[in-house]
Structures are given as C-alpha cells and as structure tokens.
Amino acid sequence: MANVLKKVSYKDQVYQYLKAALIKGELRTGEIYSEQQLADQLNVSRTPVREAVMQLMHEGMLEVRANRGWTVRPVSEDDLREIVAARIAVEGYSIRWLTAEAPESVRQRTLALLGAVQERSRTYIADDHMHYEFMRLDTEFHTLLVSATENSYLIRIHEQMRTKLEQAVFTSLHHTRRHAQAWEEHAAILSAVGRRDEADAMRTFMVHMRATARVFGVTQ
C-alpha cells in the first residue's frame, strides 16, 4: 500500500489503510502507535488520522492509551462467540426473508449479485495464501444477503461488526483448505435460496456458521 495518499477524502483513505493493516496483522497488539507517527508515514496532517482512529475505536478495533497513543484491541474468544451469534440472528433472518418472502425481482437481483461474487472468489479456491482477497469477497457475499432486505437496522448492525468480522475471517482463512470449504458452503446456501427451499437454506447456513465457529475456536 502506497505511503503517500491522494489528496481526496484523507480521513476515508487513512481509515481504509488502518483497517487493512489491522485485518492483515500489520499493526500488532501490544505495540503503541501515535497519530504523528502515522501522519508522517502517510504524509497527511494529524486530523484525518485522529478521525480514522476514532472511527476504529467506535468499531472496537483500537484502544487509546492516555497520553501515549493507541494500540490494537485483540479479538477475544468472547468477541468471536458474539460475532457468530449476531451473524446467525441477522444473516439467518435475511436468508429466510430472501428465500420465502422477498419479491421475485429482489431475489433474482440478489442471486445474480451473489453468483457474481462466487465467480470472482473461485479464483482463490485453490490458493490458500490470498487470504485478504478471499476475505473481502467472503464478507461481500454475507453483506449482500443482509442488504437485500433493505432493513436499515439490520444493515447497520451488520456494518458495525464488519471490521471485527473481517479481522476474524482473515485469521480463520489460514486454516488449510478453508478457502475451498467456505466457497462450497456459500454455493450450498446460494443453491437453496435459488430453489426457494427455506429449510435447506437455513440448514446450509447453519452448517456454514458451525464450521466458522469451529475455525474460530469457539462453540456455538
């Protein structure tokens, strides 16, 4: 990632830079970072850095150390357990709605978008090293399920935990063949939604969530 940012939306660019570094583990827990340190590195003022740090604090990714700077908040076992539970609640409802209640035009449009994500992620099935790229598509798949509902409350809840979710998913993908397994689990969900089989859609979704919980190292 380039160290010199374009002079457009500095805060958003710093946020995306920090978020990617957090997810990839390039910013390490236990180390203290300063606004000035990052501002110098990216050739921006401290203001967009402060704004990006505040947003990531709100998302539970960073912690401020009084008069010293900020540090990365580690993902705890409780975080992982709560993320899985929240996803089951939000995404589970979304899948049921999409399968059994959504207008056909919405369902077909969402199926097309989900299918496109599946095709893009197919490239990384056999490659157990492109974790960040696969993670972005994995998260996009689940985000599309929720956004299809157009329920602002569900979308907001899902968005609030997205960065923490991406961090956890990125870590989980280091497990052998997890790319291929996750892709196949997504394909099963997509097939069931396409057939309007609500029971099978929920069954395949729960298979995916239980597998995710096991990789996270938590029980569900």
# chains A, B, ... in the order shown; residues from 1 in each chain; ligands from 1

call {"tool": "residues_around", "arguments": {"residues": "stretch 130-147 of chain A", "least_positions_apart": "5", "cutoff": "9 Å", "atoms": "only C-alpha atoms", "output": "number ranges by chain"}}
result
A: 20, 23-24, 90-91, 93-95, 98, 110, 113-115, 117-118, 120-125, 152, 154-155, 158-159, 162, 165-167, 169-171, 173-174, 179, 182-183, 186

call {"tool": "residues_around", "arguments": {"residues": "A:Glu198", "least_positions_apart": "2", "cutoff": "8 Å", "atoms": "only C-alpha atoms", "output": "CSV table (one decimal) with N, CA and C atoms, in the first residue's frame"}}
result
chain,number,residue,atom,x,y,z
A,95,ILE,N,-31.6,-14.5,5.2
A,95,ILE,CA,-31.8,-15.7,4.4
A,95,ILE,C,-33.2,-16.2,4.3
A,96,ARG,N,-33.8,-16.3,5.5
A,96,ARG,CA,-35.3,-16.7,5.5
A,96,ARG,C,-36.1,-15.7,4.7
A,99,THR,N,-35.4,-16.0,0.9
A,99,THR,CA,-35.9,-17.3,0.3
A,99,THR,C,-37.4,-17.4,0.2
A,100,ALA,N,-38.1,-16.9,1.3
A,100,ALA,CA,-39.5,-17.2,1.4
A,100,ALA,C,-40.4,-15.9,1.2
A,192,ALA,N,-29.8,-23.3,-2.4
A,192,ALA,CA,-31.0,-23.4,-1.6
A,192,ALA,C,-31.9,-22.2,-1.8
A,193,VAL,N,-31.3,-21.0,-1.7
A,193,VAL,CA,-32.0,-19.8,-1.9
A,193,VAL,C,-32.6,-19.8,-3.3
A,196,ARG,N,-35.7,-21.6,-3.6
A,196,ARG,CA,-36.7,-21.2,-2.6
A,196,ARG,C,-37.0,-22.3,-1.6
A,200,ASP,N,-33.7,-25.8,3.6
A,200,ASP,CA,-32.4,-26.2,3.2
A,200,ASP,C,-31.5,-25.0,3.3
A,201,ALA,N,-32.0,-23.8,3.0
A,201,ALA,CA,-31.2,-22.6,3.1
A,201,ALA,C,-30.7,-22.4,4.5
A,202,MET,N,-31.6,-22.6,5.4
A,202,MET,CA,-31.2,-22.4,6.8
A,202,MET,C,-30.3,-23.5,7.3

call {"tool": "select_by_dssp", "arguments": {"residues": "stretch 13-218 of chain A", "states": "helix (DSSP H, G or I)", "output": "VMD selection string"}}
result
chain A and resid 13 to 24 35 to 42 46 to 58 77 to 100 104 to 122 131 to 147 152 to 160 162 to 172 178 to 194 198 to 216

call {"tool": "residues_around", "arguments": {"residues": "A:Met206", "least_positions_apart": "5", "cutoff": "10 Å", "atoms": "only C-alpha atoms", "output": "NGL selection string"}}
result
:A and (88 or 92 or 185 or 189 or 200-201 or 211-212)

call {"tool": "atom_distance", "arguments": {"atom1": "atom CA of A:Gln36", "atom2": "atom CA of A:Arg50"}}
result
9.4 Å

call {"tool": "atom_distance", "arguments": {"atom1": "atom CA of A:Thr163", "atom2": "atom CA of A:Val44"}}
result
23.3 Å

call {"tool": "decode", "arguments": {"residues": "stretch 106-120 of chain A", "atoms": "all heavy atoms", "output": "compact mmCIF listing (two decimals), in the first residue's frame"}}
result
# COMPACT_ATOMS: atom_id res chain seq x y z
N VAL A 106 -36.37 -8.83 -6.43
CA VAL A 106 -35.30 -8.63 -5.45
C VAL A 106 -34.48 -9.91 -5.31
O VAL A 106 -33.24 -9.89 -5.28
CB VAL A 106 -35.87 -8.21 -4.09
CG1 VAL A 106 -34.77 -8.19 -3.02
CG2 VAL A 106 -36.54 -6.85 -4.19
N ARG A 107 -35.18 -11.04 -5.24
CA ARG A 107 -34.49 -12.32 -5.09
C ARG A 107 -33.59 -12.60 -6.28
O ARG A 107 -32.43 -13.00 -6.13
CB ARG A 107 -35.51 -13.44 -4.91
CG ARG A 107 -34.92 -14.76 -4.37
CD ARG A 107 -36.03 -15.77 -4.10
NE ARG A 107 -36.59 -16.23 -5.35
CZ ARG A 107 -36.13 -17.29 -6.03
NH1 ARG A 107 -35.10 -17.98 -5.57
NH2 ARG A 107 -36.68 -17.66 -7.16
N GLN A 108 -34.10 -12.38 -7.49
CA GLN A 108 -33.30 -12.65 -8.69
C GLN A 108 -32.11 -11.70 -8.78
O GLN A 108 -31.01 -12.13 -9.16
CB GLN A 108 -34.18 -12.53 -9.93
CG GLN A 108 -35.20 -13.64 -10.08
CD GLN A 108 -34.56 -15.02 -10.19
OE1 GLN A 108 -33.45 -15.18 -10.70
NE2 GLN A 108 -35.26 -16.03 -9.69
N ARG A 109 -32.31 -10.44 -8.46
CA ARG A 109 -31.20 -9.48 -8.49
C ARG A 109 -30.12 -9.87 -7.48
O ARG A 109 -28.93 -9.85 -7.78
CB ARG A 109 -31.71 -8.08 -8.20
CG ARG A 109 -30.61 -7.02 -8.27
CD ARG A 109 -31.16 -5.61 -8.14
NE ARG A 109 -31.72 -5.34 -6.82
CZ ARG A 109 -33.00 -5.19 -6.56
NH1 ARG A 109 -33.90 -5.27 -7.54
NH2 ARG A 109 -33.42 -4.92 -5.33
N THR A 110 -30.56 -10.27 -6.27
CA THR A 110 -29.59 -10.66 -5.23
C THR A 110 -28.88 -11.94 -5.61
O THR A 110 -27.66 -12.07 -5.40
CB THR A 110 -30.31 -10.82 -3.88
OG1 THR A 110 -31.01 -9.62 -3.57
CG2 THR A 110 -29.31 -11.13 -2.77
N LEU A 111 -29.60 -12.90 -6.19
CA LEU A 111 -28.97 -14.15 -6.63
C LEU A 111 -27.90 -13.87 -7.68
O LEU A 111 -26.83 -14.49 -7.67
CB LEU A 111 -30.02 -15.10 -7.20
CG LEU A 111 -30.94 -15.79 -6.18
CD1 LEU A 111 -32.08 -16.52 -6.90
CD2 LEU A 111 -30.15 -16.78 -5.32
N ALA A 112 -28.19 -12.93 -8.58
CA ALA A 112 -27.21 -12.57 -9.61
C ALA A 112 -25.96 -11.96 -8.98
O ALA A 112 -24.82 -12.28 -9.37
CB ALA A 112 -27.83 -11.61 -10.62
N LEU A 113 -26.14 -11.07 -8.00
CA LEU A 113 -25.00 -10.44 -7.32
C LEU A 113 -24.20 -11.47 -6.53
O LEU A 113 -22.96 -11.47 -6.56
CB LEU A 113 -25.50 -9.34 -6.40
CG LEU A 113 -26.11 -8.11 -7.09
CD1 LEU A 113 -26.79 -7.20 -6.06
CD2 LEU A 113 -25.04 -7.34 -7.85
N LEU A 114 -24.89 -12.37 -5.84
CA LEU A 114 -24.21 -13.42 -5.08
C LEU A 114 -23.45 -14.35 -6.01
O LEU A 114 -22.31 -14.76 -5.71
CB LEU A 114 -25.22 -14.21 -4.26
CG LEU A 114 -25.90 -13.49 -3.10
CD1 LEU A 114 -27.08 -14.30 -2.57
CD2 LEU A 114 -24.91 -13.22 -1.97
N GLY A 115 -24.06 -14.69 -7.13
CA GLY A 115 -23.38 -15.55 -8.10
C GLY A 115 -22.13 -14.90 -8.66
O GLY A 115 -21.11 -15.58 -8.87
N ALA A 116 -22.18 -13.58 -8.89
CA ALA A 116 -21.01 -12.88 -9.39
C ALA A 116 -19.87 -12.91 -8.37
O ALA A 116 -18.69 -13.07 -8.73
CB ALA A 116 -21.38 -11.44 -9.73
N VAL A 117 -20.21 -12.76 -7.10
CA VAL A 117 -19.19 -12.83 -6.04
C VAL A 117 -18.59 -14.23 -6.00
O VAL A 117 -17.37 -14.39 -5.85
CB VAL A 117 -19.80 -12.46 -4.67
CG1 VAL A 117 -18.81 -12.75 -3.54
CG2 VAL A 117 -20.19 -10.99 -4.64
N GLN A 118 -19.43 -15.25 -6.14
CA GLN A 118 -18.93 -16.62 -6.16
C GLN A 118 -17.94 -16.83 -7.30
O GLN A 118 -16.89 -17.47 -7.12
CB GLN A 118 -20.09 -17.61 -6.30
CG GLN A 118 -20.83 -17.91 -5.01
CD GLN A 118 -20.00 -18.74 -4.05
OE1 GLN A 118 -19.25 -18.20 -3.23
NE2 GLN A 118 -20.12 -20.05 -4.15
N GLU A 119 -18.26 -16.31 -8.47
CA GLU A 119 -17.37 -16.47 -9.61
C GLU A 119 -16.05 -15.75 -9.38
O GLU A 119 -14.97 -16.27 -9.72
CB GLU A 119 -18.04 -15.96 -10.89
CG GLU A 119 -19.07 -16.91 -11.46
CD GLU A 119 -18.50 -18.29 -11.71
OE1 GLU A 119 -17.47 -18.40 -12.42
OE2 GLU A 119 -19.08 -19.27 -11.20
N ARG A 120 -16.10 -14.56 -8.81
CA ARG A 120 -14.86 -13.81 -8.54
C ARG A 120 -14.01 -14.53 -7.50
O ARG A 120 -12.77 -14.52 -7.58
CB ARG A 120 -15.20 -12.40 -8.08
CG ARG A 120 -15.66 -11.49 -9.21
CD ARG A 120 -16.48 -10.32 -8.72
NE ARG A 120 -15.78 -9.54 -7.70
CZ ARG A 120 -16.41 -8.75 -6.82
NH1 ARG A 120 -17.73 -8.65 -6.82
NH2 ARG A 120 -15.71 -8.06 -5.94
